[in-house]
>>> print(open('final_22.cif').read())   # mmCIF, C-alpha atoms
data_input
loop_
_atom_site.group_PDB
_atom_site.id
_atom_site.type_symbol
_atom_site.label_atom_id
_atom_site.label_comp_id
_atom_site.auth_asym_id
_atom_site.auth_seq_id
_atom_site.Cartn_x
_atom_site.Cartn_y
_atom_site.Cartn_z
ATOM 1 C CA MET X 1 45.826 203.023 -24.514
ATOM 2 C CA LYS X 2 48.419 205.035 -22.676
ATOM 3 C CA PHE X 3 51.732 203.391 -21.923
ATOM 4 C CA THR X 4 53.282 204.024 -18.528
ATOM 5 C CA GLN X 5 56.820 203.579 -17.295
ATOM 6 C CA PRO X 6 57.014 200.650 -14.868
ATOM 7 C CA LYS X 7 58.816 201.080 -11.583
ATOM 8 C CA LEU X 8 62.166 199.311 -11.496
ATOM 9 C CA PRO X 9 62.208 196.149 -9.339
ATOM 10 C CA TYR X 10 65.249 197.377 -7.395
ATOM 11 C CA ALA X 11 66.519 200.567 -5.758
ATOM 12 C CA GLN X 12 68.250 203.196 -7.897
ATOM 13 C CA ASP X 13 71.611 202.349 -6.302
ATOM 14 C CA ALA X 14 71.146 198.545 -6.302
ATOM 15 C CA LEU X 15 73.196 197.850 -9.453
ATOM 16 C CA ALA X 16 76.220 199.916 -8.400
ATOM 17 C CA PRO X 17 79.070 199.854 -9.173
ATOM 18 C CA VAL X 18 78.187 198.153 -12.485
ATOM 19 C CA ILE X 19 75.514 200.750 -13.260
ATOM 20 C CA SER X 20 75.625 203.829 -11.058
ATOM 21 C CA PRO X 21 72.593 205.562 -9.534
ATOM 22 C CA THR X 22 73.383 208.579 -11.741
ATOM 23 C CA THR X 23 73.191 206.467 -14.889
ATOM 24 C CA ILE X 24 69.896 204.927 -13.702
ATOM 25 C CA GLU X 25 68.559 208.431 -13.039
ATOM 26 C CA PHE X 26 69.400 209.668 -16.535
ATOM 27 C CA HIS X 27 69.051 206.476 -18.558
ATOM 28 C CA TYR X 28 65.829 205.086 -17.100
ATOM 29 C CA GLY X 29 64.512 208.195 -15.406
ATOM 30 C CA LYS X 30 64.911 210.580 -18.348
ATOM 31 C CA HIS X 31 65.706 208.749 -21.633
ATOM 32 C CA GLU X 32 63.196 205.931 -21.110
ATOM 33 C CA ARG X 33 60.512 208.302 -19.856
ATOM 34 C CA ALA X 34 60.976 210.495 -22.939
ATOM 35 C CA TYR X 35 60.484 207.504 -25.273
ATOM 36 C CA ILE X 36 57.247 206.546 -23.507
ATOM 37 C CA ASP X 37 55.933 210.125 -23.425
ATOM 38 C CA THR X 38 56.690 210.612 -27.124
ATOM 39 C CA LEU X 39 55.149 207.241 -27.996
ATOM 40 C CA ASN X 40 51.923 208.188 -26.241
ATOM 41 C CA LYS X 41 51.732 211.452 -28.195
ATOM 42 C CA LEU X 42 52.425 209.729 -31.506
ATOM 43 C CA ILE X 43 49.731 207.050 -31.142
ATOM 44 C CA GLU X 44 46.986 209.387 -29.956
ATOM 45 C CA GLY X 45 44.064 209.274 -32.372
ATOM 46 C CA THR X 46 45.753 206.758 -34.711
ATOM 47 C CA GLU X 47 45.234 203.108 -35.602
ATOM 48 C CA PHE X 48 48.027 202.311 -33.117
ATOM 49 C CA ALA X 49 46.241 203.810 -30.092
ATOM 50 C CA ASP X 50 44.804 200.486 -28.875
ATOM 51 C CA MET X 51 47.594 198.152 -30.010
ATOM 52 C CA ALA X 52 49.945 196.251 -27.760
ATOM 53 C CA LEU X 53 53.443 197.694 -27.720
ATOM 54 C CA GLU X 54 54.858 194.599 -29.461
ATOM 55 C CA ASP X 55 52.336 195.012 -32.295
ATOM 56 C CA ILE X 56 53.267 198.665 -32.723
ATOM 57 C CA ILE X 57 56.934 197.674 -33.022
ATOM 58 C CA VAL X 58 56.214 195.086 -35.712
ATOM 59 C CA LYS X 59 53.752 197.248 -37.691
ATOM 60 C CA SER X 60 55.216 200.764 -37.507
ATOM 61 C CA GLU X 61 58.166 202.608 -39.001
ATOM 62 C CA GLY X 62 60.022 205.882 -38.680
ATOM 63 C CA LYS X 63 59.590 208.006 -35.561
ATOM 64 C CA LEU X 64 56.782 205.842 -34.174
ATOM 65 C CA PHE X 65 58.846 202.669 -34.526
ATOM 66 C CA ASN X 66 61.887 204.320 -32.964
ATOM 67 C CA ASN X 67 60.007 205.471 -29.873
ATOM 68 C CA ALA X 68 57.956 202.279 -29.481
ATOM 69 C CA ALA X 69 60.996 200.022 -29.852
ATOM 70 C CA GLN X 70 63.161 202.155 -27.570
ATOM 71 C CA ALA X 71 60.423 202.171 -24.916
ATOM 72 C CA TRP X 72 60.163 198.372 -25.092
ATOM 73 C CA ASN X 73 63.911 197.724 -25.426
ATOM 74 C CA HIS X 74 64.765 199.750 -22.328
ATOM 75 C CA ILE X 75 62.184 198.025 -20.134
ATOM 76 C CA PHE X 76 63.420 194.656 -21.388
ATOM 77 C CA TYR X 77 67.029 195.697 -20.658
ATOM 78 C CA PHE X 78 66.505 197.073 -17.147
ATOM 79 C CA PHE X 79 64.219 194.273 -16.000
ATOM 80 C CA GLN X 80 66.816 191.548 -16.705
ATOM 81 C CA PHE X 81 69.117 192.819 -13.956
ATOM 82 C CA SER X 82 69.212 192.151 -10.245
ATOM 83 C CA PRO X 83 71.793 192.804 -7.538
ATOM 84 C CA ASP X 84 71.263 189.273 -6.224
ATOM 85 C CA GLY X 85 70.005 187.256 -9.184
ATOM 86 C CA ILE X 86 71.060 183.857 -10.511
ATOM 87 C CA LYS X 87 74.588 184.250 -11.944
ATOM 88 C CA GLU X 88 74.723 181.317 -14.407
ATOM 89 C CA PRO X 89 72.173 179.876 -16.825
ATOM 90 C CA SER X 90 70.842 176.364 -16.248
ATOM 91 C CA GLY X 91 68.458 173.854 -17.765
ATOM 92 C CA LYS X 92 67.395 174.071 -21.409
ATOM 93 C CA LEU X 93 68.899 177.513 -21.890
ATOM 94 C CA ARG X 94 72.311 176.392 -20.667
ATOM 95 C CA ASP X 95 72.112 173.307 -22.902
ATOM 96 C CA ALA X 96 71.221 175.472 -25.924
ATOM 97 C CA ILE X 97 74.030 177.955 -25.232
ATOM 98 C CA GLU X 98 76.631 175.203 -24.794
ATOM 99 C CA SER X 99 75.383 173.337 -27.868
ATOM 100 C CA GLN X 100 75.455 176.399 -30.114
ATOM 101 C CA PHE X 101 78.348 178.444 -28.743
ATOM 102 C CA GLY X 102 80.647 175.843 -27.147
ATOM 103 C CA SER X 103 80.507 177.041 -23.541
ATOM 104 C CA ILE X 104 79.003 179.778 -21.403
ATOM 105 C CA GLU X 105 82.309 181.650 -21.512
ATOM 106 C CA ASP X 106 82.510 181.366 -25.306
ATOM 107 C CA PHE X 107 78.949 182.678 -25.557
ATOM 108 C CA LYS X 108 79.727 185.627 -23.287
ATOM 109 C CA SER X 109 82.822 186.443 -25.314
ATOM 110 C CA LYS X 110 80.873 186.377 -28.613
ATOM 111 C CA PHE X 111 78.060 188.443 -27.129
ATOM 112 C CA GLU X 112 80.484 191.072 -25.809
ATOM 113 C CA GLU X 113 82.288 191.168 -29.161
ATOM 114 C CA ALA X 114 78.999 191.769 -30.995
ATOM 115 C CA GLY X 115 78.255 194.679 -28.660
ATOM 116 C CA ALA X 116 81.752 196.126 -28.805
ATOM 117 C CA THR X 117 81.946 196.002 -32.607
ATOM 118 C CA LEU X 118 78.526 197.475 -33.367
ATOM 119 C CA PHE X 119 79.285 200.715 -35.187
ATOM 120 C CA GLY X 120 77.408 203.642 -33.718
ATOM 121 C CA SER X 121 74.495 203.182 -31.337
ATOM 122 C CA GLY X 122 72.141 200.289 -30.817
ATOM 123 C CA TRP X 123 71.669 196.972 -29.061
ATOM 124 C CA VAL X 124 73.207 193.507 -28.936
ATOM 125 C CA TRP X 125 70.597 190.772 -28.598
ATOM 126 C CA LEU X 126 70.256 187.132 -27.693
ATOM 127 C CA ALA X 127 67.128 185.945 -29.503
ATOM 128 C CA ALA X 128 65.465 182.625 -30.251
ATOM 129 C CA ASP X 129 63.420 181.266 -33.120
ATOM 130 C CA SER X 130 60.307 179.127 -32.705
ATOM 131 C CA ASP X 131 62.464 175.984 -32.408
ATOM 132 C CA GLY X 132 64.576 177.447 -29.595
ATOM 133 C CA LYS X 133 67.658 178.051 -31.748
ATOM 134 C CA LEU X 134 69.646 180.994 -30.382
ATOM 135 C CA PHE X 135 71.043 183.956 -32.298
ATOM 136 C CA ILE X 136 73.385 186.777 -31.288
ATOM 137 C CA LEU X 137 72.315 189.860 -33.228
ATOM 138 C CA GLN X 138 73.524 193.419 -33.567
ATOM 139 C CA GLY X 139 70.699 195.935 -33.785
ATOM 140 C CA LYS X 140 71.381 199.466 -34.979
ATOM 141 C CA ASN X 141 69.522 202.320 -33.313
ATOM 142 C CA ALA X 142 66.147 200.945 -32.094
ATOM 143 C CA GLU X 143 66.182 197.633 -34.007
ATOM 144 C CA ASN X 144 64.485 194.722 -32.267
ATOM 145 C CA PRO X 145 64.530 190.990 -33.204
ATOM 146 C CA MET X 146 60.716 190.899 -33.168
ATOM 147 C CA THR X 147 60.772 192.564 -36.588
ATOM 148 C CA GLN X 148 62.628 189.469 -37.887
ATOM 149 C CA GLY X 149 60.154 187.002 -36.365
ATOM 150 C CA LEU X 150 62.481 186.176 -33.463
ATOM 151 C CA ARG X 151 61.813 186.246 -29.717
ATOM 152 C CA PRO X 152 64.170 188.491 -27.700
ATOM 153 C CA ILE X 153 65.759 186.715 -24.723
ATOM 154 C CA MET X 154 68.391 189.214 -23.489
ATOM 155 C CA THR X 155 69.848 192.535 -24.586
ATOM 156 C CA TYR X 156 72.662 194.932 -23.779
ATOM 157 C CA ASP X 157 72.187 198.594 -24.615
ATOM 158 C CA VAL X 158 75.168 200.019 -26.491
ATOM 159 C CA TRP X 159 73.947 203.585 -26.877
ATOM 160 C CA GLU X 160 76.450 205.908 -25.220
ATOM 161 C CA HIS X 161 73.874 207.114 -22.696
ATOM 162 C CA ALA X 162 73.852 203.558 -21.274
ATOM 163 C CA TYR X 163 77.488 203.586 -20.224
ATOM 164 C CA TYR X 164 79.269 206.892 -20.784
ATOM 165 C CA LEU X 165 78.775 208.354 -17.293
ATOM 166 C CA ASP X 166 80.243 205.217 -15.707
ATOM 167 C CA TYR X 167 82.725 203.925 -18.305
ATOM 168 C CA GLN X 168 83.439 206.906 -20.556
ATOM 169 C CA ASN X 169 84.514 205.481 -23.932
ATOM 170 C CA LEU X 170 85.222 201.978 -22.576
ATOM 171 C CA ARG X 171 82.212 200.208 -24.086
ATOM 172 C CA ALA X 172 83.906 196.782 -23.877
ATOM 173 C CA SER X 173 84.471 197.183 -20.115
ATOM 174 C CA TYR X 174 80.808 198.076 -19.616
ATOM 175 C CA LEU X 175 79.672 195.039 -21.628
ATOM 176 C CA HIS X 176 81.934 192.728 -19.608
ATOM 177 C CA LYS X 177 80.761 194.065 -16.239
ATOM 178 C CA LEU X 178 77.051 193.623 -17.041
ATOM 179 C CA TRP X 179 77.388 189.858 -16.466
ATOM 180 C CA ASP X 180 77.748 190.668 -12.763
ATOM 181 C CA ILE X 181 74.130 191.886 -12.608
ATOM 182 C CA VAL X 182 72.310 189.738 -15.197
ATOM 183 C CA ASP X 183 69.666 187.610 -13.483
ATOM 184 C CA TRP X 184 69.749 184.364 -15.458
ATOM 185 C CA ASN X 185 66.450 183.317 -13.888
ATOM 186 C CA VAL X 186 64.796 186.108 -15.906
ATOM 187 C CA ILE X 187 66.606 185.076 -19.085
ATOM 188 C CA GLU X 188 65.619 181.427 -18.588
ATOM 189 C CA MET X 189 61.955 182.390 -18.135
ATOM 190 C CA ARG X 190 62.075 184.425 -21.363
ATOM 191 C CA TYR X 191 63.620 181.498 -23.186
ATOM 192 C CA GLY X 192 60.944 179.129 -21.890
ATOM 193 C CA GLU X 193 58.011 181.330 -22.973
#
>>> encode(input="final_22.cif", output="structure tokens")
Amino acid sequence: MKFTQPKLPYAQDALAPVISPTTIEFHYGKHERAYIDTLNKLIEGTEFADMALEDIIVKSEGKLFNNAAQAWNHIFYFFQFSPDGIKEPSGKLRDAIESQFGSIEDFKSKFEEAGATLFGSGWVWLAADSDGKLFILQGKNAENPMTQGLRPIMTYDVWEHAYYLDYQNLRASYLHKLWDIVDWNVIEMRYGE
């Protein structure tokens, strides 16, 4: 199986000014493509060649894990955004957030704090267990909640290549602005799966 990079569901400039076209060009166009290309080379002729990407993430380690997880994480990240998506969660997801975190604003604040305080590079995740309980997790480097038996619901990329062209060293500002482009309809569908 050869993995391919999916086309983004919006124009390269659609998320501006939150994420600039230049950042999309480098972050998705070059970084994400490199992870997929390297992943394809690493699985060729191995037991992983015919596995689903999620299975590779759970069963691999080292360089293969890093490239598989980064390929998956980036697609998951970019496909949760929309220039005209739903701006607030509703239904069961909203109920779960309010029950566990107090309010939507309290949740956002805790999520941003987890991203801002992650030392080095990685991801901040909203994940759910099989009962629908939510967790905010920090993931170093390529870490993904699937390796802990959890289902990813949402993620913010806190590698410098995700924000440095647009926000320089202001990671907290980047994290705060991403709420403007999150499509909660996507997040709700992930939660309901």
>>> resolve_selection(input="final_22.cif", expression="the PyMOL selection byres ((chain X and resi 4-11) around 10)", output="PyMOL selection string")
chain X and resi 1-3+12-15+21+24+28-29+32-37+40+71-72+75+78-83
>>> atom_distance(input="final_22.cif", atom1="atom CA of His31 of chain X", atom2="atom CA of Ser121 of chain X")
14.2 Å
>>> closest_residue(input="final_22.cif", among="X:Glu47, X:Glu88, X:Ala128, X:Leu150", to="Ile181 of chain X", atoms="all atoms listed in the file")
X:Glu88
>>> resolve_selection(input="final_22.cif", expression="the PyMOL selection byres ((chain X and resi 106-111) around 10)", output="number ranges by chain")
X: 97-98, 100-105, 112-116, 124-126, 135-138, 155-156, 175-176, 179
>>> residues_around(input="final_22.cif", residues="Ala96 of chain X", least_positions_apart="5", cutoff="9 Å", atoms="all atoms listed in the file", output="PyMOL selection string")
chain X and resi 91+101+132-134
>>> resolve_selection(input="final_22.cif", expression="the PyMOL selection byres ((chain X and resi 162) around 12)", output="mmCIF file with C-alpha atoms, in the frame of the given file")
data_model
loop_
_atom_site.group_PDB
_atom_site.id
_atom_site.type_symbol
_atom_site.label_atom_id
_atom_site.label_comp_id
_atom_site.auth_asym_id
_atom_site.auth_seq_id
_atom_site.Cartn_x
_atom_site.Cartn_y
_atom_site.Cartn_z
ATOM 1 C CA VAL X 18 78.187 198.153 -12.485
ATOM 2 C CA ILE X 19 75.514 200.750 -13.260
ATOM 3 C CA SER X 20 75.625 203.829 -11.058
ATOM 4 C CA PRO X 21 72.593 205.562 -9.534
ATOM 5 C CA THR X 22 73.383 208.579 -11.741
ATOM 6 C CA THR X 23 73.191 206.467 -14.889
ATOM 7 C CA ILE X 24 69.896 204.927 -13.702
ATOM 8 C CA GLU X 25 68.559 208.431 -13.039
ATOM 9 C CA PHE X 26 69.400 209.668 -16.535
ATOM 10 C CA HIS X 27 69.051 206.476 -18.558
ATOM 11 C CA TYR X 28 65.829 205.086 -17.100
ATOM 12 C CA GLY X 29 64.512 208.195 -15.406
ATOM 13 C CA LYS X 30 64.911 210.580 -18.348
ATOM 14 C CA HIS X 31 65.706 208.749 -21.633
ATOM 15 C CA GLU X 32 63.196 205.931 -21.110
ATOM 16 C CA HIS X 74 64.765 199.750 -22.328
ATOM 17 C CA TYR X 77 67.029 195.697 -20.658
ATOM 18 C CA PHE X 78 66.505 197.073 -17.147
ATOM 19 C CA SER X 121 74.495 203.182 -31.337
ATOM 20 C CA GLY X 122 72.141 200.289 -30.817
ATOM 21 C CA TRP X 123 71.669 196.972 -29.061
ATOM 22 C CA TYR X 156 72.662 194.932 -23.779
ATOM 23 C CA ASP X 157 72.187 198.594 -24.615
ATOM 24 C CA VAL X 158 75.168 200.019 -26.491
ATOM 25 C CA TRP X 159 73.947 203.585 -26.877
ATOM 26 C CA GLU X 160 76.450 205.908 -25.220
ATOM 27 C CA HIS X 161 73.874 207.114 -22.696
ATOM 28 C CA TYR X 163 77.488 203.586 -20.224
ATOM 29 C CA TYR X 164 79.269 206.892 -20.784
ATOM 30 C CA LEU X 165 78.775 208.354 -17.293
ATOM 31 C CA ASP X 166 80.243 205.217 -15.707
ATOM 32 C CA TYR X 167 82.725 203.925 -18.305
ATOM 33 C CA GLN X 168 83.439 206.906 -20.556
ATOM 34 C CA ASN X 169 84.514 205.481 -23.932
ATOM 35 C CA LEU X 170 85.222 201.978 -22.576
ATOM 36 C CA ARG X 171 82.212 200.208 -24.086
ATOM 37 C CA TYR X 174 80.808 198.076 -19.616
ATOM 38 C CA LEU X 175 79.672 195.039 -21.628
ATOM 39 C CA LEU X 178 77.051 193.623 -17.041
#
>>> atom_distance(input="final_22.cif", atom1="atom CA of Ser60 of chain X", atom2="atom CA of Ala127 of chain X")
20.6 Å
>>> axis_aligned_box(input="final_22.cif", around="segment 162-170 of chain X", padding_each_side="5 Å", output="JSON")
{"center_x": 79.5, "center_y": 205.2, "center_z": -19.8, "size_x": 21.4, "size_y": 16.4, "size_z": 18.2}
>>> atom_distance(input="final_22.cif", atom1="atom CA of Leu39 of chain X", atom2="atom CA of Phe76 of chain X")
16.4 Å
>>> residues_near_point(input="final_22.cif", point="(62.9, 179.3, -20.8)", cutoff="10 Å", atoms="all atoms listed in the file", output="list in words")
Ser90, Gly91, Lys92, Leu93, Arg94, Gly132, Ile153, Asn185, Val186, Ile187, Glu188, Met189, Arg190, Tyr191, Gly192 and Glu193 of chain X
>>> closest_residue(input="final_22.cif", among="X:Val182, X:Thr117, X:Leu64, X:Asp129", to="Glu44 of chain X", atoms="all atoms listed in the file")
X:Leu64
>>> closest_residue(input="final_22.cif", among="X:Leu42, X:Ala49, X:Leu118, X:Ile57", to="Asn73 of chain X", atoms="only C-alpha atoms")
X:Ile57
>>> residues_around(input="final_22.cif", residues="Lys59 of chain X", least_positions_apart="5", cutoff="12 Å", atoms="all atoms listed in the file", output="ChimeraX atom specification")
/X:47-48,51-54,64-66,68-69,146-148
>>> closest_residue(input="final_22.cif", among="X:Trp184, X:Asn144, X:Asn67, X:Lys87", to="Lys41 of chain X", atoms="all atoms listed in the file")
X:Asn67
